[in-house]
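Engineer: Right, I'll just put the structure down here and ask away after.
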Amino acid sequence: KKLVAGYKLLITAKPPKGDAASWKEKTTKLLAAAESLEKGEADATKKYKEAVNCKACHSAHKPD
């Protein structure tokens, strides 16, 4: 539940760097995957592993 709540906040934040559309896309995928985990869906772990690609997000949005 805390993970889902955190991702909901993340979506509303302004990206520190990079394109806002990219930020929204990546954070929305994270939220959807976390909600799948919370619901216990069969493919939730796979969805989450795909969505939680830290390097892809940090390369595009983490400040230098």
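Ligands are numbered from 1 in the order shown, chains are lettered A, B, ... in the order of the structure tokens, and residues start at 1 in each chain.
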Can you tell me, as number ranges by chain, what residues are no more than 12 Å from range 4-8 of chain A when counting only C-alpha atoms, ignoring any on the same chain fewer than 2 positions away?
Structural biologist: A: 1-2, 10-13, 23-24, 26-39, 48, 51-52
Engineer: List every residue of chain A that DSSP, applied to the backbone of this structure, assigns to alpha helix (DSSP H), and report them as a ChimeraX atom specification.
Structural biologist: /A:2-12,20-39,44-51,54-61
Engineer: Mind giving me the straight-line distance from CA of Lys46 in chain A to CA of Ala21 in chain A in Å, one decimal?
Structural biologist: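 Here the two named atoms are 23.8 Å from each other.
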Engineer: Pick out the residues sitting within 10 Å of His58 in chain A, and hand them over as a ChimeraX atom specification; count only C-alpha atoms, and ignore anything fewer than 5 positions along from it in its own chain.
Structural biologist: /A:17-18,53,63-64
Engineer: One decimal, in Å: what's the spacing between CA of Asp19 in chain A and CA of Leu3 in chain A?
Structural biologist: 23.7 Å
